[in-house]
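Student: Encoded as structure tokens, here's the structure I'll be asking about.
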Amino acid sequence: MSAGRAGWNVVTTASPAVGANFGITDDLDRDSRYRRAHEVVATVERLWTEAGTSPQGRPAIVQAGGSAEGRRLAGERADAVFTAEMTLDAALEHYRVVKEHAVRAGRRPSDVSILPGFALVIAATEREAIDAFDAWEARGPVGYTQDRLSGILGVDVGTLDLDAPLPAEIGEVPADPVNFPASLSFRATTVRFARERGLTVRELLRAYGGYGHPIIVGTPERVADTLSEWFLAGAADGFNLMPDVLPDGLTTLVDEVLPLLRARGLFRHEYEAPTLRGRLRG
Ligand SMILES: Cc1cc2nc3c(=O)[nH]c(=O)nc-3n(C[C@H](O)[C@H](O)[C@H](O)COP(=O)(O)O)c2cc1C
């Protein structure tokens, strides 16, 4: 039906409420969820093979979730990985580990494409971009960013001193890998980002903007520079980009950022493959 453009985003979910939506009421720990994920993906892949071919062989498999088990699932099974690493160093480490898992599973490193997420606020000048970012922040629901950060850290951010760094019991102690319900990787990378930059909780809330991904606020050149830096450093095969507003933000990206990347020889001029899986590899 899709002519080879369908994909499956395999996530084990960070929220018990999502499981309940599908009738799963057991409180499954992370390892049990990932064990199920391996089994379900293997079974579905087998069914796809038995059910005949599609133009792309089988639908593309995407994975998101960067704990140790999440990275293994990605390396062994995924065609593409959506990551949420807040710093280049963390993204480099994630990239290396997932590719190692792929090789250990008998795949080529290029069989799995790593696509870090970035939120974008693009404008003609840095000043205009910062003003646009501030305007979006002011329009958001009160407490949204704080609630998102609370969920990611597993603590009520409202109880913290906003003008101090994250307290040591959050900043220095990793979450319990078995029982921490939310994403371990979102938490780890956010804590690392705050510590490396020496941010107070208030500064972290602003830098973080409710996304859980790094935010590029600036001109098309700044966006192209950051994407080029991550790509050339070996932290990304591509990106999952989230413009501030659709469709205008996407139009700006295509019209103003992609030409800069093409001029640097970093972005395709034409699609080489007709299918989603083929393009994820391209
Ligand atoms: C970039 C990213 C995007 C995610 N998107 C979703 C999503 O759309 N729906 C969902 O249920 N879980 C999503 N998750 C969470 C996954 O369900 C993840 O498997 C689970 O929280 C375990 O994460 P961990 O391996 O990082 O601990 C996402 C995780 C990441 C890192």
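Order determines the names: the first chain of the structure tokens is A, the second B, and so forth; residues in each chain are numbered 1 upward, and ligands are numbered 1 upward as they are shown.
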So that I can see what lies close to Thr275 in chain A, please list as a PyMOL selection string the residues with an atom at most 7 Å from it, counting only C-alpha atoms and leaving out residues fewer than 5 positions away in the same chain.

Tutor: chain A and resi 4-5+56

Student: Find the residues near ligand 1. Use a cut-off of 9 Å, count only C-alpha atoms and all ligand atoms, and write them as a VMD selection string.

Tutor: chain A and resid 9 to 15 18 to 19 30 33 to 34 63 to 71 81 to 85 116 to 117 177 180 to 188 212 to 213

Student: Using only C-alpha atoms, what does the table of range 83-167 of chain A residues within 9 Å of range 235-258 of chain A look like, with each row giving the shortest atom pair and its distance in Å to one decimal, sorted by chain and ascending number, as JSON lines?

Tutor:
{"residue": "A:Thr83", "atom": "CA", "partner": "A:Asn240", "partner_atom": "CA", "distance": 8.4}
{"residue": "A:Leu88", "atom": "CA", "partner": "A:Ala235", "partner_atom": "CA", "distance": 7.0}
{"residue": "A:Asp89", "atom": "CA", "partner": "A:Ala235", "partner_atom": "CA", "distance": 8.3}
{"residue": "A:Ala90", "atom": "CA", "partner": "A:Ala235", "partner_atom": "CA", "distance": 8.7}
{"residue": "A:Ala91", "atom": "CA", "partner": "A:Ala235", "partner_atom": "CA", "distance": 5.4}
{"residue": "A:Leu92", "atom": "CA", "partner": "A:Ala235", "partner_atom": "CA", "distance": 4.5}
{"residue": "A:Glu93", "atom": "CA", "partner": "A:Ala235", "partner_atom": "CA", "distance": 7.9}
{"residue": "A:His94", "atom": "CA", "partner": "A:Ala235", "partner_atom": "CA", "distance": 7.9}
{"residue": "A:Tyr95", "atom": "CA", "partner": "A:Ala235", "partner_atom": "CA", "distance": 5.6}
{"residue": "A:Arg96", "atom": "CA", "partner": "A:Ala235", "partner_atom": "CA", "distance": 8.1}
{"residue": "A:Ser110", "atom": "CA", "partner": "A:Asp237", "partner_atom": "CA", "distance": 8.8}
{"residue": "A:Val112", "atom": "CA", "partner": "A:Asp237", "partner_atom": "CA", "distance": 8.9}
{"residue": "A:Ser113", "atom": "CA", "partner": "A:Asp237", "partner_atom": "CA", "distance": 5.5}
{"residue": "A:Ile114", "atom": "CA", "partner": "A:Asp237", "partner_atom": "CA", "distance": 5.3}
{"residue": "A:Leu115", "atom": "CA", "partner": "A:Phe239", "partner_atom": "CA", "distance": 4.3}
{"residue": "A:Pro116", "atom": "CA", "partner": "A:Phe239", "partner_atom": "CA", "distance": 5.1}
{"residue": "A:Gly117", "atom": "CA", "partner": "A:Asn240", "partner_atom": "CA", "distance": 4.6}
{"residue": "A:Phe118", "atom": "CA", "partner": "A:Leu241", "partner_atom": "CA", "distance": 5.1}
{"residue": "A:Ala119", "atom": "CA", "partner": "A:Met242", "partner_atom": "CA", "distance": 4.6}
{"residue": "A:Leu120", "atom": "CA", "partner": "A:Pro243", "partner_atom": "CA", "distance": 4.7}
{"residue": "A:Val121", "atom": "CA", "partner": "A:Asp244", "partner_atom": "CA", "distance": 5.5}
{"residue": "A:Ile122", "atom": "CA", "partner": "A:Gly249", "partner_atom": "CA", "distance": 7.4}
{"residue": "A:Ala123", "atom": "CA", "partner": "A:Thr252", "partner_atom": "CA", "distance": 8.6}
{"residue": "A:Phe133", "atom": "CA", "partner": "A:Asp244", "partner_atom": "CA", "distance": 8.4}
{"residue": "A:Trp136", "atom": "CA", "partner": "A:Asp244", "partner_atom": "CA", "distance": 8.2}

Student: Could you pull out the residues in range 15-237 of chain A that DSSP calls helix (DSSP H, G or I) from the backbone, as a ChimeraX atom specification?

Tutor: /A:16-21,30-50,68-77,88-104,109-111,126-139,144-153,157-159,168-171,184-197,201-208,220-233

Student: Of the candidates A:Ala17, A:Ser228, A:Glu128, A:Ala78, which one gets nearest to Ala263 in chain A if we count only C-alpha atoms?

Tutor: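 The closest residue to Ala263 in chain A is A:Ser228.
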
Student: Mind giving me the straight-line distance from CA of Pro141 in chain A to CA of Thr200 in chain A in Å, one decimal?

Tutor: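 Computing it gives 21.8 Å between the two atoms.
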
Student: Contacts of Pro165 in chain A at 12 Å or less, counting only C-alpha atoms, minus same-chain residues fewer than 3 places along, as a PyMOL selection string?

Tutor: chain A and resi 157+160-162+168-172+191-205

Student: Per DSSP on the backbone, what are the strand (DSSP E) residues of range 47-85 of chain A, as a PyMOL selection string?

Tutor: chain A and resi 60-63+80-83

Student: What does the distance from CA of Ser2 in chain A to CA of Ala42 in chain A come to in Å, to one decimal?

Tutor: 22.2 Å

Student: Which residue out of A:Leu28, A:Leu166, A:Ile216, A:Ala6 has the minimum interatomic distance to Ala129 in chain A when only C-alpha atoms are used?

Tutor: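 Looking at the shortest contact to Ala129 in chain A, the residue is A:Ile216.
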
Student: So which residues touch Arg148 in chain A within 9 Å, counting only C-alpha atoms, skipping near sequence neighbours fewer than 5 positions away, as a PDB file with N, CA and C atoms, in the first residue's frame?

Tutor:
ATOM      1  N   GLY A 143       4.097  25.853  33.178  1.00  0.00           N
ATOM      2  CA  GLY A 143       4.554  24.631  33.847  1.00  0.00           C
ATOM      3  C   GLY A 143       4.869  23.483  32.907  1.00  0.00           C
ATOM      4  N   LEU A 153      13.628  13.593  34.777  1.00  0.00           N
ATOM      5  CA  LEU A 153      14.573  13.380  35.884  1.00  0.00           C
ATOM      6  C   LEU A 153      14.010  12.441  36.948  1.00  0.00           C
ATOM      7  N   GLY A 210      11.583  22.078  27.130  1.00  0.00           N
ATOM      8  CA  GLY A 210      10.492  21.116  27.072  1.00  0.00           C
ATOM      9  C   GLY A 210      10.645  20.058  25.998  1.00  0.00           C
ATOM     10  N   TYR A 211      11.772  20.058  25.294  1.00  0.00           N
ATOM     11  CA  TYR A 211      11.931  19.118  24.184  1.00  0.00           C
ATOM     12  C   TYR A 211      12.595  17.800  24.600  1.00  0.00           C
ATOM     13  N   GLY A 212      13.631  17.915  25.447  1.00  0.00           N
ATOM     14  CA  GLY A 212      14.429  16.727  25.726  1.00  0.00           C
ATOM     15  C   GLY A 212      15.450  16.472  24.644  1.00  0.00           C
TER      16      GLY A 212
END

Student: Ranking A:Pro220, A:Ala132, A:Pro109, A:Thr159 by minimum distance to Ala74 in chain A and counting only C-alpha atoms, which one comes first?

Tutor: A:Pro109
